[in-house]
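Trainee: Next comes the structure file model.txt, holding compact mmCIF, C-alpha atoms.
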# COMPACT_ATOMS: atom_id res chain seq x y z
CA MET B 1 0.00 0.00 0.00
CA ARG B 2 1.46 3.36 -1.07
CA PRO B 3 1.91 5.86 1.79
CA PRO B 4 -0.03 9.15 1.69
CA SER B 5 1.64 11.82 -0.41
CA ALA B 6 3.89 14.21 1.48
CA ARG B 7 6.49 16.82 0.58
CA PHE B 8 10.14 16.57 1.62
CA LEU B 9 12.77 19.30 1.53
CA MET B 10 16.36 18.05 1.28
CA VAL B 11 19.00 20.49 2.58
CA SER B 12 22.30 19.54 0.99
CA ALA B 13 25.64 21.29 0.34
CA GLY B 14 27.81 21.63 -2.74
CA MET B 15 30.95 20.46 -0.93
CA GLY B 16 32.40 18.04 -3.46
CA ALA B 17 29.66 15.90 -4.99
CA GLY B 18 28.73 13.32 -2.35
CA HIS B 19 26.09 15.16 -0.34
CA ASP B 20 24.30 16.33 -3.48
CA ALA B 21 24.36 12.75 -4.82
CA VAL B 22 22.67 11.52 -1.63
CA ALA B 23 20.04 14.27 -1.80
CA ALA B 24 19.33 13.53 -5.47
CA GLU B 25 18.97 9.80 -4.88
CA LEU B 26 16.68 10.35 -1.89
CA ALA B 27 14.52 12.66 -4.01
CA ARG B 28 14.35 10.07 -6.79
CA ARG B 29 13.32 7.30 -4.38
CA LEU B 30 10.73 9.45 -2.65
CA GLU B 31 9.19 10.46 -5.95
CA GLY B 32 9.08 6.77 -6.88
CA LEU B 33 7.00 6.26 -3.73
CA GLY B 34 4.54 8.92 -4.86
CA GLN B 35 5.99 11.66 -2.67
CA GLU B 36 7.17 15.16 -3.58
CA ALA B 37 10.77 16.19 -3.01
CA GLY B 38 12.62 19.47 -3.30
CA ARG B 39 16.27 20.35 -2.72
CA VAL B 40 18.22 23.38 -1.54
CA ASP B 41 21.92 24.03 -0.95
CA VAL B 42 22.51 25.23 2.60
CA LEU B 43 25.42 27.33 1.35
CA GLY B 44 22.94 29.23 -0.81
CA LEU B 45 20.89 30.06 2.28
CA LEU B 46 23.81 31.98 3.79
CA PRO B 47 24.14 35.72 3.12
CA ASP B 48 25.49 36.52 -0.33
CA GLY B 49 29.12 35.52 -0.82
CA ILE B 50 29.55 33.61 2.44
CA GLY B 51 28.57 30.21 1.05
CA ALA B 52 30.81 30.54 -1.99
CA GLY B 53 33.67 31.73 0.21
CA LEU B 54 33.22 28.82 2.60
CA ARG B 55 33.25 26.33 -0.27
CA ALA B 56 36.38 27.90 -1.79
CA PHE B 57 38.20 27.91 1.55
CA TYR B 58 37.33 24.28 2.27
CA ARG B 59 38.35 23.19 -1.23
CA THR B 60 41.68 25.00 -0.99
CA ALA B 61 42.41 23.73 2.52
CA VAL B 62 41.73 20.09 1.67
CA ARG B 63 43.67 20.18 -1.59
CA ARG B 64 46.52 22.58 -0.81
CA ALA B 65 46.81 22.99 2.96
CA PRO B 66 45.78 19.71 4.66
CA VAL B 67 47.54 20.68 7.89
CA VAL B 68 45.23 23.70 8.15
CA TYR B 69 42.14 21.59 7.62
CA GLU B 70 43.33 19.00 10.14
CA GLY B 71 43.66 21.77 12.72
CA ILE B 72 40.16 23.05 11.97
CA TYR B 73 38.76 19.54 12.25
CA ARG B 74 40.41 18.96 15.60
CA VAL B 75 38.99 22.16 17.05
CA PHE B 76 35.51 22.27 15.51
CA PHE B 77 34.55 18.67 14.81
CA ARG B 78 36.14 16.34 17.34
CA PRO B 79 34.73 16.09 20.88
CA GLY B 80 36.78 17.39 23.77
CA ARG B 81 36.61 18.60 27.34
CA GLY B 82 35.04 21.92 28.20
CA PRO B 83 33.29 24.31 25.81
CA ARG B 84 34.14 23.68 22.17
CA PRO B 85 33.53 25.99 19.20
CA GLY B 86 30.97 24.88 16.66
CA SER B 87 29.11 25.98 13.56
CA ALA B 88 26.10 27.46 15.38
CA PRO B 89 26.99 31.09 14.51
CA LEU B 90 27.27 30.15 10.84
CA ALA B 91 24.02 28.18 10.93
CA ALA B 92 22.25 31.15 12.50
CA LEU B 93 22.99 33.20 9.38
CA ALA B 94 20.88 30.80 7.28
CA GLU B 95 17.84 30.66 9.55
CA ASP B 96 15.74 33.40 7.99
CA ARG B 97 16.13 32.12 4.44
CA LEU B 98 15.34 28.53 5.41
CA LEU B 99 12.22 29.60 7.33
CA ALA B 100 11.10 31.69 4.37
CA LEU B 101 11.63 28.72 2.05
CA VAL B 102 9.69 26.42 4.36
CA GLU B 103 6.86 28.97 4.44
CA ARG B 104 6.72 28.99 0.63
CA GLU B 105 7.26 25.27 -0.03
CA ARG B 106 5.26 23.88 2.91
CA PRO B 107 7.26 20.65 3.33
CA ASP B 108 6.06 17.98 5.74
CA VAL B 109 9.64 17.05 6.65
CA VAL B 110 12.98 18.84 6.30
CA VAL B 111 15.89 16.47 5.60
CA PRO B 112 19.45 17.75 6.25
CA VAL B 113 22.12 15.70 4.46
CA PHE B 114 25.06 17.90 5.52
CA HIS B 115 26.28 18.67 9.03
CA LEU B 116 25.82 22.46 8.79
CA ALA B 117 22.25 21.86 7.67
CA ALA B 118 21.74 19.57 10.68
CA GLN B 119 22.88 22.35 13.00
CA LEU B 120 20.53 24.75 11.24
CA THR B 121 17.41 22.61 11.54
CA GLY B 122 18.27 21.47 15.06
CA ARG B 123 18.49 25.06 16.29
CA LEU B 124 15.19 25.97 14.68
CA ARG B 125 13.39 22.86 15.96
CA ALA B 126 14.74 23.35 19.49
CA ARG B 127 13.11 26.75 19.82
CA GLY B 128 9.94 25.88 17.90
CA ALA B 129 10.60 28.09 14.88
CA LEU B 130 10.59 25.09 12.53
CA ARG B 131 7.25 23.37 13.02
CA VAL B 132 7.78 20.28 10.88
CA PRO B 133 10.09 17.39 11.79
CA SER B 134 13.73 17.38 10.76
CA VAL B 135 15.25 14.00 9.88
CA VAL B 136 19.03 14.08 9.50
CA VAL B 137 20.67 11.73 6.99
CA VAL B 138 24.20 11.24 8.35
CA THR B 139 26.52 10.37 5.46
CA ASP B 140 29.75 9.74 7.43
CA PHE B 141 31.00 6.50 8.97
CA ALA B 142 32.64 8.50 11.78
CA VAL B 143 29.96 10.78 13.25
CA HIS B 144 31.63 14.03 14.32
CA ARG B 145 29.94 16.44 16.69
CA GLN B 146 28.76 18.92 14.04
CA TRP B 147 26.23 16.29 12.91
CA LEU B 148 24.74 16.30 16.41
CA HIS B 149 22.01 18.64 17.63
CA PRO B 150 19.33 17.51 20.11
CA GLY B 151 16.67 19.57 18.34
CA ASN B 152 16.49 17.20 15.37
CA ASP B 153 13.80 14.53 15.52
CA LEU B 154 15.51 11.51 13.95
CA HIS B 155 18.89 10.50 12.50
CA LEU B 156 19.32 7.97 9.69
CA CYS B 157 22.86 6.56 9.71
CA VAL B 158 25.10 4.47 7.49
CA THR B 159 25.86 1.80 10.12
CA PRO B 160 24.39 0.56 13.41
CA GLU B 161 27.57 1.77 15.13
CA ALA B 162 27.01 5.30 13.83
CA ALA B 163 23.37 5.17 14.96
CA GLY B 164 24.53 4.10 18.42
CA THR B 165 26.96 7.04 18.56
CA VAL B 166 24.09 9.44 17.87
CA ARG B 167 21.80 7.86 20.48
CA ARG B 168 24.48 7.98 23.17
CA ALA B 169 25.39 11.57 22.39
CA LEU B 170 21.88 13.00 22.10
CA GLY B 171 19.44 10.54 23.63
CA ARG B 172 17.40 10.98 20.45
CA PRO B 173 16.04 8.39 17.99
CA SER B 174 18.57 7.10 15.49
CA VAL B 175 18.43 4.11 13.15
CA ALA B 176 20.76 2.50 10.63
CA THR B 177 19.36 2.54 7.11
CA GLY B 178 22.61 1.92 5.27
CA PRO B 179 24.21 4.11 2.62
CA VAL B 180 22.16 6.01 0.06
CA VAL B 181 23.55 5.26 -3.40
CA ALA B 182 21.87 5.18 -6.80
CA GLU B 183 20.24 1.85 -7.61
CA ARG B 184 22.32 1.50 -10.78
CA PHE B 185 25.32 0.64 -8.58
CA LEU B 186 23.44 -2.34 -7.15
CA ALA B 187 22.44 -3.75 -10.54
CA PRO B 188 24.43 -5.29 -13.41
CA ALA B 189 26.28 -2.53 -15.26
CA PRO B 190 25.80 -2.55 -19.05
CA GLY B 191 28.94 -0.46 -19.58
CA ALA B 192 31.30 -2.88 -17.83
CA ALA B 193 32.14 -4.85 -20.98
CA ARG B 194 33.25 -1.69 -22.80
CA TRP B 195 35.57 -0.74 -19.93
CA ARG B 196 37.03 -4.25 -19.77
CA ARG B 197 37.81 -4.18 -23.48
CA ARG B 198 39.46 -0.78 -23.08
CA PHE B 199 41.62 -1.87 -20.17
CA GLY B 200 42.52 -5.16 -21.82
CA ALA B 201 43.65 -3.39 -24.98
CA TYR B 202 45.61 -0.79 -23.04
CA ALA B 203 47.42 -3.10 -20.62
CA PRO B 204 46.77 -6.81 -21.27
CA GLY B 205 46.99 -8.99 -18.19
CA ARG B 206 47.19 -6.14 -15.70
CA PRO B 207 44.33 -6.05 -13.15
CA PRO B 208 42.78 -2.56 -13.23
CA VAL B 209 42.67 -0.75 -9.88
CA LEU B 210 40.66 2.45 -9.53
CA VAL B 211 42.26 5.30 -7.58
CA SER B 212 39.63 7.79 -6.38
CA VAL B 213 40.44 11.34 -5.24
CA GLY B 214 36.94 12.81 -5.16
CA ALA B 215 35.19 15.42 -7.26
CA TRP B 216 37.90 18.02 -6.54
CA GLY B 217 40.94 15.83 -7.11
CA ALA B 218 41.95 16.10 -3.46
CA GLY B 219 44.76 13.67 -2.80
CA THR B 220 48.32 13.36 -1.57
CA ARG B 221 51.03 12.19 -3.98
CA VAL B 222 48.52 10.74 -6.43
CA ALA B 223 51.14 10.35 -9.16
CA ASP B 224 53.37 8.41 -6.77
CA THR B 225 50.49 6.05 -5.99
CA ALA B 226 49.84 5.53 -9.70
CA ARG B 227 53.51 4.75 -10.34
CA LEU B 228 53.57 2.35 -7.37
CA LEU B 229 50.59 0.40 -8.71
CA SER B 230 51.95 0.31 -12.22
CA GLY B 231 55.34 -0.90 -11.04
CA ALA B 232 53.65 -3.74 -9.13
CA GLY B 233 51.86 -5.00 -12.24
CA HIS B 234 48.47 -3.30 -11.83
CA LEU B 235 46.78 -0.90 -14.22
CA PRO B 236 46.10 2.30 -12.22
CA VAL B 237 42.89 3.99 -13.33
CA VAL B 238 42.80 7.39 -11.66
CA LEU B 239 39.45 9.13 -11.27
CA CYS B 240 40.51 12.80 -11.21
CA GLY B 241 37.04 14.32 -10.84
CA ARG B 242 36.91 17.86 -12.14
CA ASP B 243 40.63 18.52 -11.66
CA GLU B 244 41.77 18.78 -15.28
CA ARG B 245 45.30 19.77 -14.31
CA LEU B 246 45.70 16.54 -12.35
CA ARG B 247 44.25 14.56 -15.25
CA ASP B 248 46.61 16.20 -17.73
CA ARG B 249 49.62 15.51 -15.50
CA LEU B 250 48.73 11.85 -14.96
CA SER B 251 47.94 11.31 -18.64
CA ARG B 252 51.65 11.74 -19.38
CA LEU B 253 52.57 8.74 -17.25
CA PRO B 254 52.96 5.42 -19.09
CA GLU B 255 50.54 2.62 -18.22
CA VAL B 256 48.18 4.95 -16.30
CA VAL B 257 44.59 5.66 -17.32
CA ALA B 258 43.58 9.16 -16.15
CA LEU B 259 39.87 9.92 -16.23
CA GLY B 260 37.94 13.12 -15.58
CA TRP B 261 34.36 13.43 -14.40
CA GLU B 262 33.00 10.01 -15.35
CA ARG B 263 29.27 9.49 -15.87
CA ASP B 264 29.41 5.71 -16.32
CA LEU B 265 30.79 5.05 -12.88
CA PRO B 266 28.74 1.84 -12.40
CA GLY B 267 30.30 0.34 -15.54
CA LEU B 268 33.77 1.50 -14.51
CA LEU B 269 33.46 0.04 -11.01
CA ALA B 270 32.20 -3.26 -12.38
CA ALA B 271 35.30 -3.49 -14.58
CA VAL B 272 37.99 -2.86 -11.94
CA ARG B 273 39.26 -5.31 -9.35
CA ALA B 274 39.62 -2.94 -6.39
CA VAL B 275 39.30 0.73 -5.39
CA VAL B 276 42.01 2.72 -3.63
CA ASP B 277 40.13 5.45 -1.76
CA ASN B 278 41.18 8.39 0.43
CA ALA B 279 37.98 9.70 2.00
CA ALA B 280 35.43 6.95 2.81
CA GLY B 281 32.96 9.06 0.86
CA GLN B 282 30.35 8.42 -1.80
CA THR B 283 32.67 6.68 -4.27
CA ALA B 284 33.72 4.19 -1.59
CA LEU B 285 30.06 3.49 -0.83
CA GLU B 286 29.27 3.04 -4.51
CA ALA B 287 32.15 0.58 -4.75
CA LEU B 288 30.72 -1.43 -1.85
CA ALA B 289 27.34 -1.47 -3.57
CA ALA B 290 28.96 -2.67 -6.80
CA GLY B 291 30.81 -5.47 -5.00
CA VAL B 292 34.31 -4.04 -5.34
CA PRO B 293 36.82 -4.25 -2.45
CA VAL B 294 37.99 -0.89 -1.07
CA VAL B 295 41.41 -0.07 0.36
CA GLY B 296 41.91 3.23 2.18
CA TYR B 297 45.30 4.79 1.48
CA ARG B 298 46.78 8.22 2.21
CA PRO B 299 43.42 9.57 3.42
CA ILE B 300 42.68 13.26 3.33
CA PRO B 301 42.75 14.87 6.80
CA GLY B 302 39.90 15.18 9.25
CA HIS B 303 36.73 13.37 8.26
CA GLY B 304 38.54 11.43 5.51
CA ARG B 305 41.11 9.91 7.84
CA GLU B 306 38.54 9.06 10.52
CA GLY B 307 36.15 7.60 7.96
CA VAL B 308 38.82 5.38 6.39
CA ARG B 309 39.80 4.07 9.81
CA ARG B 310 36.21 3.46 10.84
CA MET B 311 35.36 1.57 7.63
CA ALA B 312 38.35 -0.70 8.16
CA ALA B 313 37.55 -1.24 11.85
CA LEU B 314 34.07 -2.42 10.85
CA GLY B 315 35.50 -4.94 8.41
CA LEU B 316 34.02 -3.17 5.39
CA SER B 317 37.35 -2.24 3.82
CA ASP B 318 41.08 -2.34 4.48
CA HIS B 319 43.39 0.49 5.52
CA ALA B 320 46.90 0.41 4.06
CA ARG B 321 49.25 2.41 6.25
CA ASP B 322 52.18 2.31 3.84
CA ALA B 323 53.04 1.39 0.26
CA TRP B 324 54.06 -2.16 1.07
CA GLU B 325 50.80 -2.87 2.87
CA LEU B 326 48.84 -1.40 -0.05
CA LEU B 327 50.52 -3.74 -2.53
CA ARG B 328 50.14 -6.73 -0.22
CA LEU B 329 46.41 -6.07 0.17
CA LEU B 330 45.88 -5.54 -3.54
CA ASP B 331 47.70 -8.79 -4.36
CA VAL B 332 45.03 -10.59 -2.32
CA LEU B 333 41.96 -8.49 -3.10
CA THR B 334 42.36 -8.30 -6.87
CA GLU B 335 42.42 -12.10 -7.25
CA PRO B 336 39.79 -14.71 -6.27
CA SER B 337 40.29 -15.25 -2.54
CA ALA B 338 38.43 -15.66 0.73
CA PRO B 339 39.43 -12.15 1.96
CA ARG B 340 38.07 -10.64 -1.24
CA GLU B 341 34.75 -12.45 -0.87
CA ARG B 342 34.49 -11.45 2.80
CA ARG B 343 34.95 -7.78 1.97
CA ILE B 344 32.40 -7.92 -0.85
CA ALA B 345 29.83 -9.67 1.34
CA ALA B 346 30.34 -7.27 4.25
CA GLY B 347 29.90 -4.26 1.98
CA ARG B 348 26.73 -5.53 0.41
CA ARG B 349 25.18 -6.33 3.80
CA LEU B 350 25.11 -2.58 4.49
CA PHE B 351 22.40 -2.11 1.89
CA ALA B 352 19.62 -3.81 3.82
CA ALA B 353 17.23 -0.92 4.44
CA ASP B 354 15.91 2.14 2.61
CA ALA B 355 16.28 5.66 3.99
CA ALA B 356 13.42 6.88 1.78
CA ALA B 357 11.05 4.34 3.32
CA ARG B 358 12.03 5.50 6.82
CA LEU B 359 11.36 9.09 5.79
CA THR B 360 7.85 8.24 4.67
CA GLU B 361 7.32 6.36 7.94
CA ALA B 362 8.35 9.49 9.83
CA VAL B 363 5.64 11.44 8.02
CA ALA B 364 3.07 8.76 8.82
CA ARG B 365 3.95 8.86 12.52
CA THR B 366 3.70 12.64 12.52
CA ALA B 367 0.29 12.55 10.86
CA ALA B 368 -1.06 9.92 13.29
CA PRO B 369 -3.19 11.09 16.24
CA GLY B 370 -0.88 12.35 18.95
CA GLY B 371 2.09 12.53 16.60
CA ALA B 372 4.59 15.36 17.01
CA ARG B 373 4.18 18.30 14.68
Starting from the file, lay out its structure as structure tokens.
Mentor:
Amino acid sequence: MRPPSARFLMVSAGMGAGHDAVAAELARRLEGLGQEAGRVDVLGLLPDGIGAGLRAFYRTAVRRAPVVYEGIYRVFFRPGRGPRPGSAPLAALAEDRLLALVERERPDVVVPVFHLAAQLTGRLRARGALRVPSVVVVTDFAVHRQWLHPGNDLHLCVTPEAAGTVRRALGRPSVATGPVVAERFLAPAPGAARWRRRFGAYAPGRPPVLVSVGAWGAGTRVADTARLLSGAGHLPVVLCGRDERLRDRLSRLPEVVALGWERDLPGLLAAVRAVVDNAAGQTALEALAAGVPVVGYRPIPGHGREGVRRMAALGLSDHARDAWELLRLLDVLTEPSAPRERRIAAGRRLFAADAAARLTEAVARTAAPGGAR
């Protein structure tokens, strides 16, 4: 039986591509359930120029000054004793525009999929200014404190461990619904055969290994990693995102395939034997959905490093702490083996529930007699 129609407002952020991908997939699933879904970028709700400046600073820090970003993460995101600075002053700047948007759009539920958005809705719910529930979709394996605000009604998390972290910190409802990735990553990929032919023609006999550095090309010594893999007999396939300078530089290396922003990512993932990842972000989740082992290596600072470690601790991936460990792991994971099958099975078990279905349930509970509104 199809649930009653409701309207959802996703509050995302154009920080890389992962959060927007989650918001888009949630909207697609909700619309498939007969619901309405809208999206807004929380950075666009900030006063003019602030959102763009914040994005530019974050992009520069992660790509060019990782020590700076690590310091910011330690101060603003990790827990600690005594009062700790947070993003509440920044979130406060977006309150008026979000409330005006809610007044116009009349959503039944607001759905933050970025930590600043979660702070924004939590503040508004706590003082009664936002009168509809806010359900936070936590996209990180390691839940840092900027995701946490007691004003939000419900948190949907990637893993049961993450859901437990939220419950212990806030005493608020939190459930594990698994990652939100497009369904095409969970199905057979028609483009895989084309990629296999390409790789086989380019480097016969070499197992292709995808190196992912995110939408912005944020990575440390990416060329060195590509050379390492090539020297060990693999075919490094580097996904450079929108960093054309990185792609141009890597394209000059022999026996390296450098790709830009790739639309057929399901086909590409189905054709490689493993993924070397540095952020535990959306590409890593898509690889798990596609049944491809993931190895974390040279993670970006802050949330990337903590996410890579957490994924490995949960048995979902491996974390290579040096070049020799990376090659040792890839020797096992790129060939038929029990460790490879264990990693694939563990990754696929994450995708057992549907965040969109839990969102519609939240609306139904709200609409029931005595439900919170």
Trainee: My list of candidates is B:Pro107, B:Pro266, B:Gly260, B:Gly302. Which is closest to Phe76 in chain B when distances are computed with only C-alpha atoms?
Mentor: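 For Phe76 in chain B, the nearest of the given residues is B:Gly302.
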Trainee: Mind giving me the straight-line distance from CA of Leu259 in chain B to CA of Glu244 in chain B in Å, one decimal?
Mentor: 9.1 Å
Trainee: Rank nothing, just name the residue among B:Glu255, B:Glu286, B:Asp20, B:Asp322 nearest to Ala270 in chain B, using only C-alpha atoms.
Mentor: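 Among B:Glu255, B:Glu286, B:Asp20, B:Asp322, it is B:Glu286 that comes nearest to Ala270 in chain B.
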Trainee: Given the point (40.2, 19.0, 0.1) in the coordinates of this file, which residues lie within 8 Å, counting only C-alpha atoms, and how would they look as a PyMOL selection string?
Mentor: chain B and resi 58-64+66+216-219+300
Trainee: Which residues come within 7 Å of range 40-57 of chain B, counting only C-alpha atoms, excluding same-chain residues fewer than 3 positions away, as a ChimeraX atom specification?
Mentor: /B:10-15,60-61,93-94,97-98,117
Trainee: Between CA of Gly32 in chain B and CA of Val363 in chain B, measure the distance and give it in Å to one decimal.
Mentor: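 A separation of 16.0 Å between them.
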Trainee: Measuring atom to atom with only C-alpha atoms, identify which of B:Tyr69, B:Tyr202, B:Phe141, B:Phe114 is nearest to Ala279 in chain B.
Mentor: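 The closest residue to Ala279 in chain B is B:Phe141.
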Trainee: Compile a residue-level contact table for range 252-313 of chain B against range 337-350 of chain B at a cut-off of 12 Å, reporting for every qualifying residue the shortest atom pair and its distance in Å to one decimal, with all atoms listed in the file counted, rows ordered by chain and ascending number, as CSV.
Mentor:
residue,atom,partner,partner_atom,distance
B:Arg273,CA,B:Arg340,CA,9.8
B:Ala274,CA,B:Arg340,CA,9.4
B:Val275,CA,B:Ile344,CA,12.0
B:Ala284,CA,B:Gly347,CA,9.9
B:Leu285,CA,B:Gly347,CA,8.2
B:Glu286,CA,B:Gly347,CA,9.8
B:Ala287,CA,B:Gly347,CA,8.6
B:Leu288,CA,B:Gly347,CA,4.8
B:Ala289,CA,B:Arg348,CA,5.7
B:Ala290,CA,B:Arg348,CA,8.1
B:Gly291,CA,B:Ile344,CA,5.1
B:Val292,CA,B:Ile344,CA,6.2
B:Pro293,CA,B:Arg343,CA,6.0
B:Val294,CA,B:Arg343,CA,8.1
B:Val295,CA,B:Arg343,CA,10.2
B:Met311,CA,B:Gly347,CA,9.8
B:Ala312,CA,B:Arg343,CA,10.0
Trainee: Just the number, please: distance in Å from CA of His234 in chain B to CA of Ala280 in chain B, one decimal.
Mentor: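 These two atoms are separated by 22.1 Å.
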Trainee: To test the calculation: enclose all listed atoms of range 86-100 of chain B in a box whose edges run along x, y and z, add 3 Å on each side, then state centre and edge lengths in Å to one decimal, as lines of an AutoDock Vina configuration file.
Mentor:
center_x = 21.0
center_y = 29.1
center_z = 10.5
size_x = 25.9
size_y = 14.5
size_z = 18.3
Trainee: Would you please work out which residue, of B:Arg197, B:Arg365, B:His115, B:Arg145, is nearest to Pro133 in chain B when using all atoms listed in the file?
Mentor: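 Between B:Arg197, B:Arg365, B:His115, B:Arg145, the residue approaching Pro133 in chain B most closely is B:Arg365.
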Trainee: Identify which of the residues B:Ala187, B:Ala320, B:Val132, B:Val237 lies closest to Ala203 in chain B, counting all atoms listed in the file when measuring atom-to-atom distances.
Mentor: B:Val237
Trainee: Using all atoms listed in the file, find the one residue out of B:Leu333, B:Cys240, B:Ala271, B:Val158 that sits nearest to Gly200 in chain B.
Mentor: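 Residue with the minimum atom-to-atom distance to Gly200 in chain B: B:Ala271.
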Trainee: Please provide the set of residues having any atom within 8 Å of range 99-103 of chain B, restricted to only C-alpha atoms, with same-chain residues fewer than 4 positions apart removed, written as a CSV table (one decimal) with C-alpha atoms, in the coordinates of the input.
Mentor:
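Saved as around08.csv:
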chain,number,residue,atom,x,y,z
B,95,GLU,CA,17.8,30.7,9.6
B,107,PRO,CA,7.3,20.6,3.3
B,129,ALA,CA,10.6,28.1,14.9
B,130,LEU,CA,10.6,25.1,12.5
Trainee: Mind checking which residues fall within 9 Å of Thr220 in chain B, counting all atoms listed in the file, ignoring those fewer than 2 positions away in the same chain, and posting them as a ChimeraX atom specification?
Mentor: /B:63,213,218,222-225,278,298-300
Trainee: Please determine the residues with any atom at most 9 Å from (25.2, -1.5, -12.0) (coordinates as given in the file, with only C-alpha atoms counting) and report them as a VMD selection string.
Mentor: chain B and resid 183 to 192 265 to 267 269 to 270 289 to 290
Trainee: Give me a file of those residues, with C-alpha atoms, as a tab-separated table (two decimals), in the coordinates of the input.
Mentor:
chain	number	residue	atom	x	y	z
B	183	GLU	CA	20.24	1.85	-7.61
B	184	ARG	CA	22.32	1.50	-10.78
B	185	PHE	CA	25.32	0.64	-8.58
B	186	LEU	CA	23.44	-2.34	-7.15
B	187	ALA	CA	22.44	-3.75	-10.54
B	188	PRO	CA	24.43	-5.29	-13.41
B	189	ALA	CA	26.28	-2.53	-15.26
B	190	PRO	CA	25.80	-2.55	-19.05
B	191	GLY	CA	28.94	-0.46	-19.58
B	192	ALA	CA	31.30	-2.88	-17.83
B	265	LEU	CA	30.79	5.05	-12.88
B	266	PRO	CA	28.74	1.84	-12.40
B	267	GLY	CA	30.30	0.34	-15.54
B	269	LEU	CA	33.46	0.04	-11.01
B	270	ALA	CA	32.20	-3.26	-12.38
B	289	ALA	CA	27.34	-1.47	-3.57
B	290	ALA	CA	28.96	-2.67	-6.80
Trainee: Residues within 9 Å of Leu170 in chain B, please, as number ranges by chain. Count only C-alpha atoms; anything in the same chain fewer than 2 positions from it doesn't count.
Mentor: B: 148-150, 165-168, 172-173
